[in-house]
file start.txt (compact mmCIF, C-alpha atoms)
# COMPACT_ATOMS: atom_id res chain seq x y z
CA MET P 1 44.18 125.40 149.06
CA LYS P 2 44.51 129.19 149.13
CA LEU P 3 47.44 129.53 146.74
CA ILE P 4 49.44 127.17 144.55
CA ALA P 5 52.43 128.36 142.55
CA ARG P 6 53.53 125.35 140.52
CA ASP P 7 56.81 124.88 138.63
CA ILE P 8 57.45 128.59 138.18
CA ARG P 9 60.30 129.25 135.76
CA LYS P 10 61.83 132.65 135.07
CA GLU P 11 64.77 133.79 132.95
CA MET P 12 66.28 137.28 133.10
CA ASN P 13 68.73 138.42 130.43
CA GLY P 14 69.47 134.82 129.53
CA LEU P 15 70.06 133.82 133.15
CA LEU P 16 67.80 131.21 134.74
CA VAL P 17 66.58 132.70 138.05
CA LEU P 18 63.65 130.47 139.01
CA ASP P 19 63.96 126.81 138.06
CA GLY P 20 60.62 125.11 138.64
CA VAL P 21 59.75 126.70 141.99
CA SER P 22 56.59 125.31 143.64
CA VAL P 23 55.04 126.85 146.77
CA GLN P 24 51.59 126.37 148.27
CA LEU P 25 49.65 127.99 151.07
CA ASP P 26 46.59 126.80 152.97
CA GLU P 27 43.82 129.07 154.21
CA GLY P 28 44.95 130.95 157.33
CA GLU P 29 48.50 129.62 157.10
CA PHE P 30 51.69 131.62 157.73
CA VAL P 31 54.37 130.47 155.28
CA THR P 32 57.86 131.91 154.89
CA VAL P 33 60.52 131.65 152.20
CA VAL P 34 64.19 131.70 153.17
CA GLY P 35 67.24 131.32 150.98
CA PRO P 36 70.71 132.68 150.23
CA SER P 37 70.98 136.36 149.35
CA GLY P 38 70.29 136.96 145.67
CA CYS P 39 68.73 133.55 145.08
CA GLY P 40 65.54 134.90 143.49
CA LYS P 41 63.13 135.22 146.42
CA THR P 42 62.00 138.75 145.50
CA THR P 43 61.86 137.79 141.81
CA PHE P 44 59.47 135.00 142.81
CA PHE P 45 57.26 137.53 144.61
CA ASN P 46 57.42 139.89 141.64
CA VAL P 47 56.17 137.06 139.44
CA LEU P 48 53.32 136.30 141.83
CA ILE P 49 52.19 139.91 142.11
CA GLY P 50 52.51 140.60 138.38
CA LEU P 51 55.51 142.93 138.50
CA ALA P 52 57.44 140.42 136.34
CA THR P 53 56.39 137.91 133.70
CA TYR P 54 57.35 134.24 133.90
CA ASP P 55 58.40 131.68 131.33
CA GLY P 56 56.69 128.56 132.65
CA GLY P 57 54.47 127.15 135.37
CA GLU P 58 51.10 128.18 136.73
CA ILE P 59 49.50 130.16 139.54
CA VAL P 60 46.25 128.94 141.11
CA TYR P 61 44.39 131.17 143.57
CA GLU P 62 41.41 129.76 145.48
CA GLY P 63 41.08 126.93 142.95
CA ARG P 64 41.17 129.19 139.89
CA GLY P 65 44.07 129.57 137.48
CA VAL P 66 45.24 133.19 137.23
CA GLU P 67 48.00 134.99 135.35
CA ASN P 68 49.13 136.67 138.57
CA LEU P 69 47.78 137.87 141.92
CA ARG P 70 47.48 141.57 141.08
CA GLY P 71 44.35 142.96 142.69
CA LEU P 72 43.72 139.73 144.59
CA VAL P 73 46.21 140.16 147.43
CA ALA P 74 47.87 142.89 149.49
CA TYR P 75 51.61 143.32 148.98
CA MET P 76 54.03 144.94 151.42
CA GLN P 77 57.58 145.59 150.26
CA GLN P 78 60.78 145.94 152.28
CA ARG P 79 60.50 149.70 152.72
CA ASP P 80 57.40 151.19 154.30
CA LEU P 81 56.81 153.48 151.26
CA LEU P 82 54.65 155.87 153.30
CA LEU P 83 53.78 159.03 151.37
CA PRO P 84 55.62 161.88 153.13
CA TRP P 85 52.93 164.49 152.39
CA ARG P 86 50.16 162.47 154.01
CA THR P 87 49.54 161.97 157.71
CA LEU P 88 49.77 158.53 159.27
CA MET P 89 45.97 158.18 159.04
CA GLY P 90 46.03 159.42 155.46
CA ASN P 91 48.57 156.74 154.57
CA VAL P 92 46.59 153.98 156.26
CA LEU P 93 43.46 154.96 154.31
CA ILE P 94 45.11 154.76 150.88
CA GLY P 95 43.63 151.31 150.16
CA PRO P 96 39.97 152.19 150.73
CA GLU P 97 40.54 155.51 148.92
CA ILE P 98 41.91 153.76 145.81
CA GLN P 99 39.12 151.19 145.95
CA GLY P 100 36.44 153.89 146.28
CA GLU P 101 35.40 152.58 149.68
CA LEU P 102 36.31 155.53 151.89
CA ASN P 103 33.40 155.86 154.30
CA GLY P 104 32.51 155.90 157.97
CA GLU P 105 32.92 152.12 158.28
CA THR P 106 36.45 152.09 156.84
CA LEU P 107 37.41 155.08 158.97
CA THR P 108 36.25 153.21 162.07
CA ARG P 109 38.24 150.15 161.00
CA ALA P 110 41.34 152.28 160.44
CA LYS P 111 41.03 153.77 163.93
CA GLU P 112 40.68 150.29 165.43
CA LEU P 113 43.81 149.13 163.60
CA LEU P 114 45.80 152.16 164.71
CA SER P 115 44.75 151.42 168.27
CA PHE P 116 45.83 147.77 167.90
CA PHE P 117 49.22 148.84 166.51
CA ARG P 118 49.51 151.48 169.28
CA LEU P 119 49.55 154.33 166.81
CA ASP P 120 46.25 156.04 167.63
CA SER P 121 48.01 158.94 169.37
CA PHE P 122 50.06 159.63 166.22
CA SER P 123 47.37 159.57 163.52
CA ASP P 124 47.86 163.26 162.61
CA MET P 125 51.65 163.06 162.42
CA TYR P 126 53.69 162.74 159.23
CA PRO P 127 56.09 159.88 158.38
CA SER P 128 59.16 162.07 159.00
CA GLN P 129 58.00 162.47 162.60
CA LEU P 130 57.78 158.71 163.24
CA SER P 131 60.39 156.13 164.22
CA GLY P 132 61.25 153.25 161.91
CA GLY P 133 59.22 150.81 163.98
CA MET P 134 56.18 153.09 163.95
CA ARG P 135 56.44 153.51 160.19
CA GLN P 136 56.49 149.74 159.69
CA ARG P 137 53.48 149.31 161.97
CA ALA P 138 51.69 151.95 159.92
CA ALA P 139 52.63 150.08 156.74
CA LEU P 140 51.20 146.86 158.21
CA ALA P 141 47.98 148.67 159.11
CA ARG P 142 47.80 150.11 155.58
CA THR P 143 48.31 146.60 154.13
CA LEU P 144 45.44 145.23 156.24
CA MET P 145 43.18 148.09 155.16
CA PHE P 146 43.23 146.78 151.59
CA GLY P 147 40.91 144.08 152.93
CA LYS P 148 42.55 141.13 151.18
CA ASP P 149 42.63 137.61 152.59
CA LEU P 150 46.21 136.90 151.46
CA LEU P 151 49.16 139.12 152.35
CA LEU P 152 52.53 138.97 150.59
CA LEU P 153 55.29 140.46 152.76
CA ASP P 154 58.78 140.96 151.31
CA GLU P 155 61.19 141.20 154.28
CA PRO P 156 58.97 143.73 156.11
CA LEU P 157 61.28 144.01 159.15
CA SER P 158 64.68 143.87 157.44
CA ALA P 159 65.50 147.56 157.94
CA LEU P 160 64.86 147.54 161.70
CA ASP P 161 67.24 147.03 164.60
CA ALA P 162 67.10 143.74 166.47
CA ILE P 163 65.05 144.98 169.44
CA THR P 164 62.44 146.78 167.31
CA ARG P 165 62.32 143.78 165.01
CA ARG P 166 61.53 141.43 167.89
CA LYS P 167 58.74 143.73 169.08
CA LEU P 168 57.14 143.84 165.64
CA GLN P 169 57.26 140.08 165.17
CA SER P 170 54.34 139.79 167.57
CA TYR P 171 52.32 142.02 165.24
CA LEU P 172 53.21 139.80 162.29
CA LEU P 173 52.04 136.79 164.27
CA ALA P 174 48.72 138.55 164.83
CA LEU P 175 48.10 138.76 161.07
CA SER P 176 47.03 135.12 161.02
CA ASP P 177 46.20 134.50 164.69
CA ARG P 178 44.05 137.62 165.28
CA PHE P 179 43.04 138.85 161.82
CA GLY P 180 42.67 135.46 160.15
CA LYS P 181 44.86 136.34 157.18
CA SER P 182 46.90 133.95 155.08
CA VAL P 183 50.49 135.18 154.90
CA LEU P 184 53.36 134.43 152.52
CA MET P 185 56.54 136.17 153.65
CA ILE P 186 60.16 136.42 152.55
CA THR P 187 62.72 136.76 155.31
CA HIS P 188 66.49 136.36 155.57
CA ASP P 189 66.18 135.82 159.34
CA VAL P 190 65.93 132.11 160.14
CA GLU P 191 64.87 132.78 163.74
CA GLU P 192 62.08 135.00 162.49
CA ALA P 193 60.89 132.29 160.11
CA LEU P 194 60.83 129.74 162.93
CA LEU P 195 59.04 132.08 165.33
CA LEU P 196 56.23 132.87 162.89
CA SER P 197 55.80 130.08 160.37
CA ASP P 198 53.56 127.08 159.99
CA ARG P 199 55.79 126.01 157.09
CA ILE P 200 59.12 127.19 155.73
CA TYR P 201 60.33 126.87 152.14
CA VAL P 202 64.12 126.78 151.86
CA PHE P 203 65.29 128.01 148.45
CA SER P 204 68.56 126.94 146.87
CA ALA P 205 71.17 129.30 145.51
CA LEU P 206 70.60 130.73 142.02
CA PRO P 207 68.79 129.41 140.06
CA ALA P 208 66.21 129.03 142.79
CA ARG P 209 64.70 125.64 143.47
CA VAL P 210 62.86 124.47 146.57
CA ARG P 211 65.53 122.62 148.49
CA ARG P 212 63.35 121.67 151.45
CA VAL P 213 59.92 122.27 152.98
CA ILE P 214 59.77 122.30 156.78
CA LYS P 215 56.53 121.97 158.73
CA VAL P 216 57.13 123.73 162.04
CA GLU P 217 55.18 121.67 164.54
CA MET P 218 55.60 123.79 167.64
CA GLU P 219 52.91 125.71 169.47
CA LYS P 220 52.89 129.50 169.17
CA PRO P 221 54.18 131.70 170.70
CA ARG P 222 57.57 130.01 170.50
CA SER P 223 60.79 130.37 172.44
CA ILE P 224 64.15 130.77 170.74
CA ALA P 225 65.58 128.69 173.62
CA ASP P 226 63.38 125.66 172.85
CA ARG P 227 65.48 122.61 171.98
CA ARG P 228 63.56 121.76 168.81
CA PHE P 229 63.70 125.42 167.76
CA LEU P 230 67.49 125.44 168.09
CA GLU P 231 67.82 122.14 166.20
CA LEU P 232 65.75 123.41 163.27
CA LYS P 233 67.62 126.71 163.24
CA GLU P 234 70.95 124.89 163.01
CA GLU P 235 69.67 122.59 160.26
CA ILE P 236 68.42 125.48 158.12
CA LEU P 237 71.57 127.55 158.64
CA ASP P 238 73.72 124.56 157.66
CA GLU P 239 71.69 124.10 154.47
CA LEU P 240 71.92 127.79 153.58
CA LEU P 241 75.67 127.79 154.20
CA GLU P 242 76.03 124.75 151.97
CA GLU P 243 74.09 126.54 149.22
CA VAL P 244 76.29 129.63 149.52
CA GLN P 245 79.48 127.54 149.37
CA ASN P 246 78.23 125.53 146.38
CA GLY P 247 77.20 128.70 144.60
CA SER P 248 80.44 130.58 145.19
call {"tool": "encode", "arguments": {"input": "start.txt", "output": "structure tokens"}}
result
Amino acid sequence: MKLIARDIRKEMNGLLVLDGVSVQLDEGEFVTVVGPSGCGKTTFFNVLIGLATYDGGEIVYEGRGVENLRGLVAYMQQRDLLLPWRTLMGNVLIGPEIQGELNGETLTRAKELLSFFRLDSFSDMYPSQLSGGMRQRAALARTLMFGKDLLLLDEPLSALDAITRRKLQSYLLALSDRFGKSVLMITHDVEEALLLSDRIYVFSALPARVRRVIKVEMEKPRSIADRRFLELKEEILDELLEEVQNGS
């Protein structure tokens, strides 16, 4: 098992936010977390990455108990967070630069990634000169350049329009299919979760608990018109609506 987060409990200002949340991820698996807005999904990620402490539970990475995943995984937040004073290539190379591994080999790898993400013609441009979709592709390339086996993605496409979002979903799919990465992702888009995931964790309303775990047994790439796809989408939406109504 690549990652096990078991019975994670977190209180904030006397409010219980995470109530025994358990999530696990196999090697090479793409797992998503969905849940009502404000249910604690990002707090859960902050606990995993070490940006927040937790009050109970345990985190096991590659069979070893750890306090958090800081330094062990690559983390991509909702915004691209590209540095405006650095070129696209300069932003993509931040990981190897921080790790002291900036050399000819990493430069070659960065160029290959920019070519894959169709950004090679824009490597000398600055973030302000790029579209939102290009910036997110650059952020994905930067995340891969950290060279970690597990990627944590916190709603990486949430700020994009529907058409750009659909285009970039194929790149997210490539993270596991082409690059062999394990991926744990938060998304509020149920269709997106069904298009990309091997398994989906449905969180309850605050305080977050795992309401349901869904193994998506459909071949990739998937069609949003597939009957089973539509059935699962309706089931998940019904459960989320029920959580919202119960929590209101």
call {"tool": "residues_near_point", "arguments": {"input": "start.txt", "point": "(47.6, 141.5, 140.3)", "cutoff": "10 Å", "atoms": "all atoms listed in the file", "output": "list in words"}}
result
Val47, Leu48, Ile49, Gly50, Leu51, Val66, Glu67, Asn68, Leu69, Arg70, Gly71, Leu72, Val73, Ala74 and Tyr75 of chain P
call {"tool": "residues_around", "arguments": {"input": "start.txt", "residues": "Tyr171 of chain P", "least_positions_apart": "2", "cutoff": "9 Å", "atoms": "all atoms listed in the file", "output": "PyMOL selection string"}}
result
chain P and resi 117+137+140+167-169+173-175
call {"tool": "residues_around", "arguments": {"input": "start.txt", "residues": "segment 58-63 of chain P", "least_positions_apart": "4", "cutoff": "10 Å", "atoms": "all atoms listed in the file", "output": "list in words"}}
result
Met1, Lys2, Leu3, Ile4, Ala5, Arg6, Asp7, Ile8, Arg9, Ser22, Val23, Gln24, Leu25, Asp26, Glu27, Val47, Leu48, Tyr54, Glu67, Asn68, Leu69, Leu72, Val73 and Leu150 of chain P
call {"tool": "closest_residue", "arguments": {"input": "start.txt", "among": "P:Glu101, P:Asp189, P:Asp198, P:Asp226", "to": "Gly35 of chain P", "atoms": "only C-alpha atoms"}}
result
P:Asp189
call {"tool": "residues_near_point", "arguments": {"input": "start.txt", "point": "(52.0, 158.1, 146.9)", "cutoff": "12 Å", "atoms": "all atoms listed in the file", "output": "JSON, numbers by chain"}}
result
{"P": [80, 81, 82, 83, 84, 85, 86, 87, 90, 91, 92, 93, 94, 95, 97, 98]}
call {"tool": "closest_residue", "arguments": {"input": "start.txt", "among": "P:Met145, P:Leu172, P:Val190, P:Ala208", "to": "Leu230 of chain P", "atoms": "only C-alpha atoms"}}
result
P:Val190
call {"tool": "closest_residue", "arguments": {"input": "start.txt", "among": "P:Ala205, P:Ile163, P:Met185, P:Leu195", "to": "Gly38 of chain P", "atoms": "all atoms listed in the file"}}
result
P:Ala205
call {"tool": "closest_residue", "arguments": {"input": "start.txt", "among": "P:Tyr201, P:Phe30, P:Phe179, P:Phe45", "to": "Lys148 of chain P", "atoms": "all atoms listed in the file"}}
result
P:Phe179
call {"tool": "atom_distance", "arguments": {"input": "start.txt", "atom1": "atom CA of Arg209 of chain P", "atom2": "atom CA of Leu196 of chain P"}}
result
22.4 Å
call {"tool": "atom_distance", "arguments": {"input": "start.txt", "atom1": "atom CA of Gly14 of chain P", "atom2": "atom CA of Ile186 of chain P"}}
result
24.9 Å
call {"tool": "atom_distance", "arguments": {"input": "start.txt", "atom1": "atom CA of Gly132 of chain P", "atom2": "atom CA of Ala159 of chain P"}}
result
8.1 Å
call {"tool": "closest_residue", "arguments": {"input": "start.txt", "among": "P:Leu237, P:Val31, P:Met89, P:Ala225", "to": "Leu151 of chain P", "atoms": "all atoms listed in the file"}}
result
P:Val31
call {"tool": "closest_residue", "arguments": {"input": "start.txt", "among": "P:Ala139, P:Val210, P:Val244, P:Ala193", "to": "Leu232 of chain P", "atoms": "all atoms listed in the file"}}
result
P:Ala193
call {"tool": "residues_around", "arguments": {"input": "start.txt", "residues": "Gly180 of chain P", "least_positions_apart": "2", "cutoff": "9 Å", "atoms": "all atoms listed in the file", "output": "PDB file with C-alpha atoms, in the frame of the given file"}}
result
ATOM      1  CA  GLU P  27      43.820 129.070 154.210  1.00  0.00           C
ATOM      2  CA  GLY P  28      44.950 130.950 157.330  1.00  0.00           C
ATOM      3  CA  GLU P  29      48.500 129.620 157.100  1.00  0.00           C
ATOM      4  CA  ASP P 149      42.630 137.610 152.590  1.00  0.00           C
ATOM      5  CA  ALA P 174      48.720 138.550 164.830  1.00  0.00           C
ATOM      6  CA  LEU P 175      48.100 138.760 161.070  1.00  0.00           C
ATOM      7  CA  SER P 176      47.030 135.120 161.020  1.00  0.00           C
ATOM      8  CA  ASP P 177      46.200 134.500 164.690  1.00  0.00           C
ATOM      9  CA  ARG P 178      44.050 137.620 165.280  1.00  0.00           C
ATOM     10  CA  SER P 182      46.900 133.950 155.080  1.00  0.00           C
TER      11      SER P 182
END
call {"tool": "residues_around", "arguments": {"input": "start.txt", "residues": "Lys10 of chain P", "least_positions_apart": "5", "cutoff": "6 Å", "atoms": "all atoms listed in the file", "output": "ChimeraX atom specification"}}
result
/P:17-18,54-55
call {"tool": "build_atoms", "arguments": {"input": "start.txt", "residues": "segment 168-200 of chain P", "atoms": "N, CA and C atoms", "output": "compact mmCIF listing (two decimals), in the coordinates of the input"}}
result
# COMPACT_ATOMS: atom_id res chain seq x y z
N LEU P 168 58.10 143.86 166.75
CA LEU P 168 57.14 143.84 165.64
C LEU P 168 56.78 142.43 165.19
N GLN P 169 57.58 141.46 165.55
CA GLN P 169 57.26 140.08 165.17
C GLN P 169 55.94 139.63 165.78
N SER P 170 55.61 140.14 166.95
CA SER P 170 54.34 139.79 167.57
C SER P 170 53.17 140.32 166.75
N TYR P 171 53.36 141.47 166.11
CA TYR P 171 52.32 142.02 165.24
C TYR P 171 52.17 141.17 163.97
N LEU P 172 53.29 140.68 163.46
CA LEU P 172 53.21 139.80 162.29
C LEU P 172 52.47 138.51 162.64
N LEU P 173 52.72 138.00 163.83
CA LEU P 173 52.04 136.79 164.27
C LEU P 173 50.53 137.01 164.35
N ALA P 174 50.14 138.22 164.70
CA ALA P 174 48.72 138.55 164.83
C ALA P 174 48.00 138.57 163.48
N LEU P 175 48.74 138.71 162.39
CA LEU P 175 48.10 138.76 161.07
C LEU P 175 47.27 137.51 160.81
N SER P 176 47.79 136.36 161.20
CA SER P 176 47.03 135.12 161.02
C SER P 176 46.23 134.77 162.28
N ASP P 177 46.84 134.92 163.45
CA ASP P 177 46.20 134.50 164.69
C ASP P 177 45.00 135.39 165.06
N ARG P 178 45.11 136.70 164.87
CA ARG P 178 44.05 137.62 165.28
C ARG P 178 43.16 138.03 164.10
N PHE P 179 43.79 138.31 162.95
CA PHE P 179 43.04 138.85 161.82
C PHE P 179 42.64 137.78 160.80
N GLY P 180 43.09 136.55 161.01
CA GLY P 180 42.67 135.46 160.15
C GLY P 180 43.19 135.52 158.73
N LYS P 181 44.30 136.21 158.51
CA LYS P 181 44.86 136.34 157.18
C LYS P 181 45.77 135.16 156.85
N SER P 182 45.87 134.87 155.57
CA SER P 182 46.90 133.95 155.08
C SER P 182 48.11 134.81 154.73
N VAL P 183 49.30 134.35 155.08
CA VAL P 183 50.49 135.18 154.90
C VAL P 183 51.59 134.37 154.20
N LEU P 184 52.17 134.96 153.16
CA LEU P 184 53.36 134.43 152.52
C LEU P 184 54.44 135.50 152.64
N MET P 185 55.53 135.17 153.32
CA MET P 185 56.54 136.17 153.65
C MET P 185 57.94 135.72 153.28
N ILE P 186 58.72 136.64 152.75
CA ILE P 186 60.16 136.42 152.55
C ILE P 186 60.89 136.98 153.76
N THR P 187 61.85 136.25 154.26
CA THR P 187 62.72 136.76 155.31
C THR P 187 64.11 136.16 155.16
N HIS P 188 65.13 136.92 155.55
CA HIS P 188 66.49 136.36 155.57
C HIS P 188 66.86 135.93 156.98
N ASP P 189 65.94 136.13 157.93
CA ASP P 189 66.18 135.82 159.34
C ASP P 189 65.57 134.46 159.68
N VAL P 190 66.41 133.46 159.87
CA VAL P 190 65.93 132.11 160.14
C VAL P 190 65.15 132.05 161.44
N GLU P 191 65.61 132.75 162.47
CA GLU P 191 64.87 132.78 163.74
C GLU P 191 63.47 133.33 163.53
N GLU P 192 63.38 134.39 162.76
CA GLU P 192 62.08 135.00 162.49
C GLU P 192 61.15 134.01 161.79
N ALA P 193 61.69 133.30 160.82
CA ALA P 193 60.89 132.29 160.11
C ALA P 193 60.37 131.23 161.08
N LEU P 194 61.23 130.78 161.98
CA LEU P 194 60.83 129.74 162.93
C LEU P 194 59.85 130.25 163.97
N LEU P 195 59.96 131.50 164.35
CA LEU P 195 59.04 132.08 165.33
C LEU P 195 57.62 132.22 164.77
N LEU P 196 57.52 132.49 163.46
CA LEU P 196 56.23 132.87 162.89
C LEU P 196 55.54 131.80 162.06
N SER P 197 56.31 130.89 161.48
CA SER P 197 55.80 130.08 160.37
C SER P 197 55.09 128.80 160.78
N ASP P 198 54.11 128.43 159.96
CA ASP P 198 53.56 127.08 159.99
C ASP P 198 54.40 126.18 159.11
N ARG P 199 54.88 126.73 157.98
CA ARG P 199 55.79 126.01 157.09
C ARG P 199 56.83 126.96 156.54
N ILE P 200 58.01 126.41 156.27
CA ILE P 200 59.12 127.19 155.73
C ILE P 200 59.61 126.53 154.44
